[in-house]
Every structure is written in structure tokens, then in C-alpha cells.
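Okay, coords-v9.pdb now, which holds PDB, C-alpha atoms:
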```
ATOM      1  CA  MET A 202      67.440 -39.963 -47.331  1.00  0.00           C
ATOM      2  CA  LYS A 203      64.887 -37.406 -46.104  1.00  0.00           C
ATOM      3  CA  GLU A 204      67.083 -34.393 -46.907  1.00  0.00           C
ATOM      4  CA  ARG A 205      68.036 -35.739 -50.351  1.00  0.00           C
ATOM      5  CA  TYR A 206      64.370 -36.393 -51.110  1.00  0.00           C
ATOM      6  CA  LEU A 207      63.387 -32.849 -50.092  1.00  0.00           C
ATOM      7  CA  ASP A 208      66.338 -31.401 -52.029  1.00  0.00           C
ATOM      8  CA  VAL A 209      65.127 -33.161 -55.185  1.00  0.00           C
ATOM      9  CA  ILE A 210      61.556 -31.899 -54.713  1.00  0.00           C
ATOM     10  CA  ARG A 211      62.848 -28.333 -54.219  1.00  0.00           C
ATOM     11  CA  LEU A 212      65.108 -28.646 -57.257  1.00  0.00           C
ATOM     12  CA  ILE A 213      62.198 -29.782 -59.424  1.00  0.00           C
ATOM     13  CA  GLU A 214      60.215 -26.721 -58.354  1.00  0.00           C
ATOM     14  CA  ARG A 215      63.172 -24.373 -58.998  1.00  0.00           C
ATOM     15  CA  LEU A 216      63.803 -25.901 -62.422  1.00  0.00           C
ATOM     16  CA  HIS A 217      60.160 -25.450 -63.359  1.00  0.00           C
ATOM     17  CA  ARG A 218      60.206 -21.808 -62.253  1.00  0.00           C
ATOM     18  CA  GLN A 219      63.451 -21.156 -64.135  1.00  0.00           C
ATOM     19  CA  PHE A 220      62.019 -22.787 -67.250  1.00  0.00           C
ATOM     20  CA  LEU A 221      58.985 -20.491 -66.972  1.00  0.00           C
ATOM     21  CA  GLU A 222      61.298 -17.477 -66.635  1.00  0.00           C
ATOM     22  CA  VAL A 223      63.113 -18.487 -69.838  1.00  0.00           C
ATOM     23  CA  ILE A 224      59.761 -18.736 -71.641  1.00  0.00           C
ATOM     24  CA  LYS A 225      58.701 -15.322 -70.296  1.00  0.00           C
ATOM     25  CA  GLY A 226      61.990 -13.708 -71.341  1.00  0.00           C
ATOM     26  CA  GLU A 227      61.705 -15.083 -74.855  1.00  0.00           C
ATOM     27  CA  LEU A 228      58.076 -13.961 -75.148  1.00  0.00           C
ATOM     28  CA  ASP A 229      59.143 -10.461 -74.069  1.00  0.00           C
ATOM     29  CA  ARG A 230      61.950 -10.450 -76.662  1.00  0.00           C
ATOM     30  CA  ALA A 231      59.435 -11.486 -79.310  1.00  0.00           C
ATOM     31  CA  GLY A 232      57.170  -8.580 -78.291  1.00  0.00           C
ATOM     32  CA  ILE A 233      54.407 -10.880 -77.042  1.00  0.00           C
ATOM     33  CA  ARG A 234      53.099  -9.168 -73.936  1.00  0.00           C
ATOM     34  CA  ASP A 235      49.409 -10.039 -73.793  1.00  0.00           C
ATOM     35  CA  ILE A 236      50.070 -13.611 -72.693  1.00  0.00           C
ATOM     36  CA  ASN A 237      52.011 -15.058 -69.777  1.00  0.00           C
ATOM     37  CA  ASN A 238      54.447 -17.953 -69.647  1.00  0.00           C
ATOM     38  CA  ILE A 239      51.907 -20.432 -68.260  1.00  0.00           C
ATOM     39  CA  GLN A 240      49.474 -19.528 -71.031  1.00  0.00           C
ATOM     40  CA  ALA A 241      52.232 -19.993 -73.614  1.00  0.00           C
ATOM     41  CA  LEU A 242      52.897 -23.492 -72.245  1.00  0.00           C
ATOM     42  CA  ILE A 243      49.189 -24.278 -72.381  1.00  0.00           C
ATOM     43  CA  LEU A 244      49.185 -23.234 -76.057  1.00  0.00           C
ATOM     44  CA  TYR A 245      52.279 -25.358 -76.657  1.00  0.00           C
ATOM     45  CA  ASN A 246      50.632 -28.383 -75.062  1.00  0.00           C
ATOM     46  CA  ILE A 247      47.428 -27.979 -77.054  1.00  0.00           C
ATOM     47  CA  GLY A 248      49.379 -27.895 -80.316  1.00  0.00           C
ATOM     48  CA  THR A 249      47.209 -29.006 -83.203  1.00  0.00           C
ATOM     49  CA  ASP A 250      44.723 -30.836 -80.970  1.00  0.00           C
ATOM     50  CA  GLU A 251      41.227 -29.820 -79.989  1.00  0.00           C
ATOM     51  CA  LEU A 252      40.649 -30.402 -76.274  1.00  0.00           C
ATOM     52  CA  THR A 253      38.252 -29.799 -73.425  1.00  0.00           C
ATOM     53  CA  VAL A 254      39.515 -27.824 -70.437  1.00  0.00           C
ATOM     54  CA  GLY A 255      39.454 -31.053 -68.413  1.00  0.00           C
ATOM     55  CA  GLU A 256      41.641 -32.839 -70.958  1.00  0.00           C
ATOM     56  CA  LEU A 257      43.986 -29.868 -70.989  1.00  0.00           C
ATOM     57  CA  THR A 258      44.278 -29.909 -67.202  1.00  0.00           C
ATOM     58  CA  HIS A 259      45.232 -33.593 -67.253  1.00  0.00           C
ATOM     59  CA  ARG A 260      47.684 -33.153 -70.114  1.00  0.00           C
ATOM     60  CA  GLY A 261      49.906 -30.546 -68.478  1.00  0.00           C
ATOM     61  CA  TYR A 262      51.035 -29.407 -65.103  1.00  0.00           C
ATOM     62  CA  TYR A 263      50.412 -25.724 -64.642  1.00  0.00           C
ATOM     63  CA  LEU A 264      51.569 -25.100 -61.073  1.00  0.00           C
ATOM     64  CA  GLY A 265      49.657 -22.420 -59.248  1.00  0.00           C
ATOM     65  CA  SER A 266      47.445 -21.596 -62.198  1.00  0.00           C
ATOM     66  CA  ASN A 267      43.754 -21.832 -62.909  1.00  0.00           C
ATOM     67  CA  VAL A 268      43.436 -23.460 -66.327  1.00  0.00           C
ATOM     68  CA  SER A 269      39.835 -22.285 -66.835  1.00  0.00           C
ATOM     69  CA  TYR A 270      40.820 -18.677 -66.124  1.00  0.00           C
ATOM     70  CA  ASN A 271      43.812 -18.905 -68.470  1.00  0.00           C
ATOM     71  CA  VAL A 272      41.689 -20.430 -71.231  1.00  0.00           C
ATOM     72  CA  ARG A 273      39.133 -17.625 -70.888  1.00  0.00           C
ATOM     73  CA  LYS A 274      41.878 -14.970 -71.094  1.00  0.00           C
ATOM     74  CA  MET A 275      43.423 -16.634 -74.155  1.00  0.00           C
ATOM     75  CA  VAL A 276      40.016 -16.763 -75.868  1.00  0.00           C
ATOM     76  CA  GLU A 277      39.561 -13.041 -75.084  1.00  0.00           C
ATOM     77  CA  ASN A 278      43.015 -12.238 -76.488  1.00  0.00           C
ATOM     78  CA  GLY A 279      42.491 -14.272 -79.655  1.00  0.00           C
ATOM     79  CA  TYR A 280      44.909 -17.146 -78.957  1.00  0.00           C
ATOM     80  CA  LEU A 281      42.231 -19.823 -78.634  1.00  0.00           C
ATOM     81  CA  VAL A 282      39.009 -20.609 -80.436  1.00  0.00           C
ATOM     82  CA  GLN A 283      36.342 -22.018 -78.155  1.00  0.00           C
ATOM     83  CA  GLU A 284      33.383 -24.058 -79.484  1.00  0.00           C
ATOM     84  CA  ARG A 285      30.618 -26.107 -77.923  1.00  0.00           C
ATOM     85  CA  SER A 286      30.673 -29.765 -78.853  1.00  0.00           C
ATOM     86  CA  SER A 287      28.027 -30.663 -81.402  1.00  0.00           C
ATOM     87  CA  HIS A 288      27.504 -33.992 -79.589  1.00  0.00           C
ATOM     88  CA  ASP A 289      27.347 -32.678 -76.015  1.00  0.00           C
ATOM     89  CA  ARG A 290      26.324 -29.032 -75.631  1.00  0.00           C
ATOM     90  CA  ARG A 291      27.718 -29.006 -72.046  1.00  0.00           C
ATOM     91  CA  SER A 292      31.209 -29.700 -73.339  1.00  0.00           C
ATOM     92  CA  VAL A 293      33.396 -26.869 -74.627  1.00  0.00           C
ATOM     93  CA  ARG A 294      36.412 -27.611 -76.803  1.00  0.00           C
ATOM     94  CA  VAL A 295      39.325 -25.301 -77.531  1.00  0.00           C
ATOM     95  CA  ARG A 296      41.878 -25.155 -80.322  1.00  0.00           C
ATOM     96  CA  LEU A 297      44.601 -22.720 -81.284  1.00  0.00           C
ATOM     97  CA  SER A 298      43.815 -19.752 -83.492  1.00  0.00           C
ATOM     98  CA  ASP A 299      46.410 -18.557 -85.994  1.00  0.00           C
ATOM     99  CA  LYS A 300      47.727 -16.217 -83.285  1.00  0.00           C
ATOM    100  CA  GLY A 301      47.932 -19.167 -80.873  1.00  0.00           C
ATOM    101  CA  LEU A 302      49.779 -21.249 -83.464  1.00  0.00           C
ATOM    102  CA  GLU A 303      52.390 -18.483 -83.719  1.00  0.00           C
ATOM    103  CA  VAL A 304      53.025 -18.655 -79.964  1.00  0.00           C
ATOM    104  CA  HIS A 305      53.122 -22.451 -80.154  1.00  0.00           C
ATOM    105  CA  GLU A 306      55.851 -22.184 -82.774  1.00  0.00           C
ATOM    106  CA  THR A 307      57.745 -19.606 -80.700  1.00  0.00           C
ATOM    107  CA  VAL A 308      57.739 -21.924 -77.661  1.00  0.00           C
ATOM    108  CA  ASN A 309      58.711 -24.858 -79.867  1.00  0.00           C
ATOM    109  CA  LYS A 310      61.739 -22.905 -81.126  1.00  0.00           C
ATOM    110  CA  ILE A 311      62.722 -22.031 -77.537  1.00  0.00           C
ATOM    111  CA  ILE A 312      62.603 -25.680 -76.503  1.00  0.00           C
ATOM    112  CA  ASP A 313      64.447 -26.801 -79.659  1.00  0.00           C
ATOM    113  CA  SER A 314      67.174 -24.266 -78.937  1.00  0.00           C
ATOM    114  CA  GLN A 315      67.515 -25.379 -75.339  1.00  0.00           C
ATOM    115  CA  ALA A 316      67.602 -29.052 -76.293  1.00  0.00           C
ATOM    116  CA  GLY A 317      70.264 -28.328 -78.909  1.00  0.00           C
ATOM    117  CA  ARG A 318      72.459 -26.570 -76.357  1.00  0.00           C
ATOM    118  CA  LEU A 319      72.194 -29.257 -73.677  1.00  0.00           C
ATOM    119  CA  SER A 320      75.173 -31.139 -75.093  1.00  0.00           C
ATOM    120  CA  GLU A 321      77.325 -28.076 -74.289  1.00  0.00           C
ATOM    121  CA  THR A 322      76.710 -28.807 -70.607  1.00  0.00           C
ATOM    122  CA  GLY A 323      77.721 -32.444 -70.847  1.00  0.00           C
ATOM    123  CA  ILE A 324      74.133 -33.614 -70.471  1.00  0.00           C
ATOM    124  CA  THR A 325      73.401 -36.563 -72.764  1.00  0.00           C
ATOM    125  CA  ASP A 326      70.267 -38.416 -73.821  1.00  0.00           C
ATOM    126  CA  SER A 327      71.154 -41.189 -71.357  1.00  0.00           C
ATOM    127  CA  HIS A 328      71.387 -38.649 -68.509  1.00  0.00           C
ATOM    128  CA  LEU A 329      67.922 -37.359 -69.377  1.00  0.00           C
ATOM    129  CA  ASP A 330      66.587 -40.907 -69.715  1.00  0.00           C
ATOM    130  CA  GLY A 331      67.924 -41.830 -66.278  1.00  0.00           C
ATOM    131  CA  THR A 332      66.601 -38.653 -64.705  1.00  0.00           C
ATOM    132  CA  GLY A 333      63.224 -39.219 -66.315  1.00  0.00           C
ATOM    133  CA  GLN A 334      63.093 -42.769 -64.965  1.00  0.00           C
ATOM    134  CA  VAL A 335      63.860 -41.615 -61.416  1.00  0.00           C
ATOM    135  CA  LEU A 336      61.313 -38.794 -61.606  1.00  0.00           C
ATOM    136  CA  THR A 337      58.681 -41.185 -62.970  1.00  0.00           C
ATOM    137  CA  ARG A 338      59.351 -43.531 -60.041  1.00  0.00           C
ATOM    138  CA  LEU A 339      59.019 -40.612 -57.612  1.00  0.00           C
ATOM    139  CA  GLU A 340      55.734 -39.633 -59.253  1.00  0.00           C
ATOM    140  CA  ARG A 341      54.411 -43.191 -58.917  1.00  0.00           C
ATOM    141  CA  PHE A 342      55.515 -43.238 -55.285  1.00  0.00           C
ATOM    142  CA  LEU A 343      53.630 -40.024 -54.545  1.00  0.00           C
ATOM    143  CA  LEU A 344      50.541 -41.207 -56.419  1.00  0.00           C
ATOM    144  CA  HIS A 345      50.645 -44.483 -54.500  1.00  0.00           C
ATOM    145  CA  THR A 346      51.028 -42.581 -51.211  1.00  0.00           C
ATOM    146  CA  PHE A 347      47.646 -40.983 -51.869  1.00  0.00           C
ATOM    147  CA  GLY A 348      46.100 -44.177 -53.198  1.00  0.00           C
ATOM    148  CA  TYR A 349      45.891 -43.076 -56.842  1.00  0.00           C
ATOM    149  CA  ALA A 350      48.094 -45.763 -58.357  1.00  0.00           C
ATOM    150  CA  SER A 351      50.143 -48.799 -57.540  1.00  0.00           C
ATOM    151  CA  PRO A 352      53.924 -48.353 -57.226  1.00  0.00           C
ATOM    152  CA  ARG A 353      56.137 -49.988 -59.866  1.00  0.00           C
TER     153      ARG A 353
END
```
Produce C-alpha cells that represent the structure in this file.
Amino acid sequence: MKERYLDVIRLIERLHRQFLEVIKGELDRAGIRDINNIQALILYNIGTDELTVGELTHRGYYLGSNVSYNVRKMVENGYLVQERSSHDRRSVRVRLSDKGLEVHETVNKIIDSQAGRLSETGITDSHLDGTGQVLTRLERFLLHTFGYASPR
């Protein structure tokens, strides 16, 4: 059981890295070189919402990245618009600029293309559902291990 468990954890990490490499390759092909793959995923996850950096951190999993740093770089490069909240001047909210919306659409097309080609591999919706259920149970287990949630 121990080796299978560790194999699954390693596989999850490898899949995430490979997914990021696909995003990076597609950004390069599109001529988008002033943003990295993690930043592109952050833009994708923001979508049409307006979020604080804290909300953004909780919404996505950006392994090995500093969300605040990435937000600052994307503001500097014109992908995000940053505004202080009118209700709480300590709170800063971000939303996509037109340039950020273009990257969001590029990432959306990449994911749509990948999802459309999954059937060529024999992977079905039920396979993904089952995998998602197992991964959700593993996540709950790990959260419970550190006292963050109850296992279900």
C-alpha cells in the first residue's frame, strides 16, 4: 500500500508538471513570451471574476509559485488590472485586462483541445469521474491528517 500511495503522489506531481509544459509550449507557439505557464493558469482561473490575492490563492494550486509575485508581474505586463476596494482600502482586487482575457481564451482553447482528444486514448467521463473521486478522498485524507478537515 505504501509504494502504491507514493507512486500516485509522484504521478500527480508529474502530471501537473507535464500539463504546465503543454501550456508553456502553446504559449510559445502563440508568441506569448512575457508570461509563464503558472501565470497563464492564474489568468485562466480568474476568468471574468474580480478577486483578492487571498481568494486567488485559495482558488488554485500553483505549486512552487508565489501568487503575490506573479500578480505583481502580470500587473506590470498589462495582463491584470489591480484596484483597491472602495469598501476596504487595505484590500486589493484584481481582474483581467483585455490582454489577460486573450491569454485566458488561449488557455481555454488548449484545455478544450485536450479534453476533446481524451477519447482517443480510451479515457471516458466515467474514468475521470472515478479518478476525481479517488483524488478527492486522498485530499480529504491528507487534510484530516493535518487536522484541517474530517475524512469522508
Neighbouring residues of Leu297 of chain A were defined as those with any atom within 8 Å, considering only C-alpha atoms; residues of the same chain fewer than 4 positions away were excluded. Please report them as a PyMOL selection string. chain A and resi 244+247-249+251+280-282+301-302
Around segment 229-237 of chain A, with edges along x, y and z and 8 Å added on all six sides, what centre and edge lengths do you get, in Å to one decimal, as JSON?
```
{"center_x": 55.7, "center_y": -11.8, "center_z": -74.5, "size_x": 28.5, "size_y": 22.5, "size_z": 25.5}
```
Target residues per the PyMOL selection byres ((chain A and resi 284-292) around 10), formatted as a compact mmCIF listing (two decimals) with C-alpha atoms, in the frame of the given file:
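Dumped to out22.txt:
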```
# COMPACT_ATOMS: atom_id res chain seq x y z
CA GLU A 251 41.23 -29.82 -79.99
CA LEU A 252 40.65 -30.40 -76.27
CA THR A 253 38.25 -29.80 -73.42
CA VAL A 254 39.52 -27.82 -70.44
CA GLY A 255 39.45 -31.05 -68.41
CA LEU A 281 42.23 -19.82 -78.63
CA VAL A 282 39.01 -20.61 -80.44
CA GLN A 283 36.34 -22.02 -78.16
CA VAL A 293 33.40 -26.87 -74.63
CA ARG A 294 36.41 -27.61 -76.80
CA VAL A 295 39.33 -25.30 -77.53
CA ARG A 296 41.88 -25.16 -80.32
```
Could you check how far atom CA of Ile311 of chain A sits from atom CA of Tyr270 of chain A, in Å to one decimal? 24.9 Å
Which one of A:Ser298, A:His305, A:Gly279, A:Arg218 sits closest to Ala241 of chain A if you count all atoms listed in the file? A:His305
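Summary of the local environment: counting only C-alpha atoms, residues at most 12 Å from Asn309 of chain A, other than itself and those fewer than 2 positions away along its chain, are Ile224, Glu227, Leu228, Ala241, Leu242, Leu244, Tyr245, Asn246, Gly248, Leu302, Glu303, Val304, His305, Glu306, Thr307, Ile311, Ile312, Asp313, Ser314, Gln315 and Ala316 of chain A.
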Can I get the selected residues back with C-alpha atoms, as a short mmCIF file (atom, residue, chain, number, x, y, z; two decimals), in the coordinates of the input?
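Once everything was written out, this is selection_26.cif:
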```cif
data_model
loop_
_atom_site.label_atom_id
_atom_site.label_comp_id
_atom_site.auth_asym_id
_atom_site.auth_seq_id
_atom_site.Cartn_x
_atom_site.Cartn_y
_atom_site.Cartn_z
CA ILE A 224 59.76 -18.74 -71.64
CA GLU A 227 61.70 -15.08 -74.86
CA LEU A 228 58.08 -13.96 -75.15
CA ALA A 241 52.23 -19.99 -73.61
CA LEU A 242 52.90 -23.49 -72.24
CA LEU A 244 49.18 -23.23 -76.06
CA TYR A 245 52.28 -25.36 -76.66
CA ASN A 246 50.63 -28.38 -75.06
CA GLY A 248 49.38 -27.90 -80.32
CA LEU A 302 49.78 -21.25 -83.46
CA GLU A 303 52.39 -18.48 -83.72
CA VAL A 304 53.02 -18.66 -79.96
CA HIS A 305 53.12 -22.45 -80.15
CA GLU A 306 55.85 -22.18 -82.77
CA THR A 307 57.74 -19.61 -80.70
CA ILE A 311 62.72 -22.03 -77.54
CA ILE A 312 62.60 -25.68 -76.50
CA ASP A 313 64.45 -26.80 -79.66
CA SER A 314 67.17 -24.27 -78.94
CA GLN A 315 67.52 -25.38 -75.34
CA ALA A 316 67.60 -29.05 -76.29
#
```
Name all residues at most 12 Å from Asn267 of chain A (count only C-alpha atoms; drop same-chain ones fewer than 3 positions away) and give them as a list in words.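 Near neighbours after the sequence-gap exclusion: Ile239, Gln240, Ile243, Val254, Gly255, Leu257, Thr258, Tyr262, Tyr263, Leu264, Tyr270, Asn271, Val272, Arg273 and Lys274 of chain A.
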Could you work out how far atom CA of Asp235 of chain A lies from atom CA of Asn278 of chain A, giving the answer in Å with one decimal?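 We find that atom CA of Asn278 of chain A and atom CA of Asp235 of chain A lie 7.3 Å from each other.
As for atom CA of Leu221 of chain A and atom CA of Leu319 of chain A, they are spaced 17.2 Å apart.
In terms of minimum interatomic distance to Ile236 of chain A, A:Met275 ranks closest within A:Val209, A:Met275, A:Met202, A:Leu216, counting all atoms listed in the file.
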Which is closer to Phe220 of chain A than all the others in A:Val276, A:Leu344, A:Leu207, A:Val308, using all atoms listed in the file?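 Among the listed residues, A:Val308 lies closest to Phe220 of chain A.
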Nearest to Asn237 of chain A, chosen from A:Thr346, A:Arg211, A:Glu222, A:Asp250, with all atoms listed in the file counted in the distances: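 Of A:Thr346, A:Arg211, A:Glu222, A:Asp250, the one nearest Asn237 of chain A is A:Glu222, counting all atoms listed in the file.
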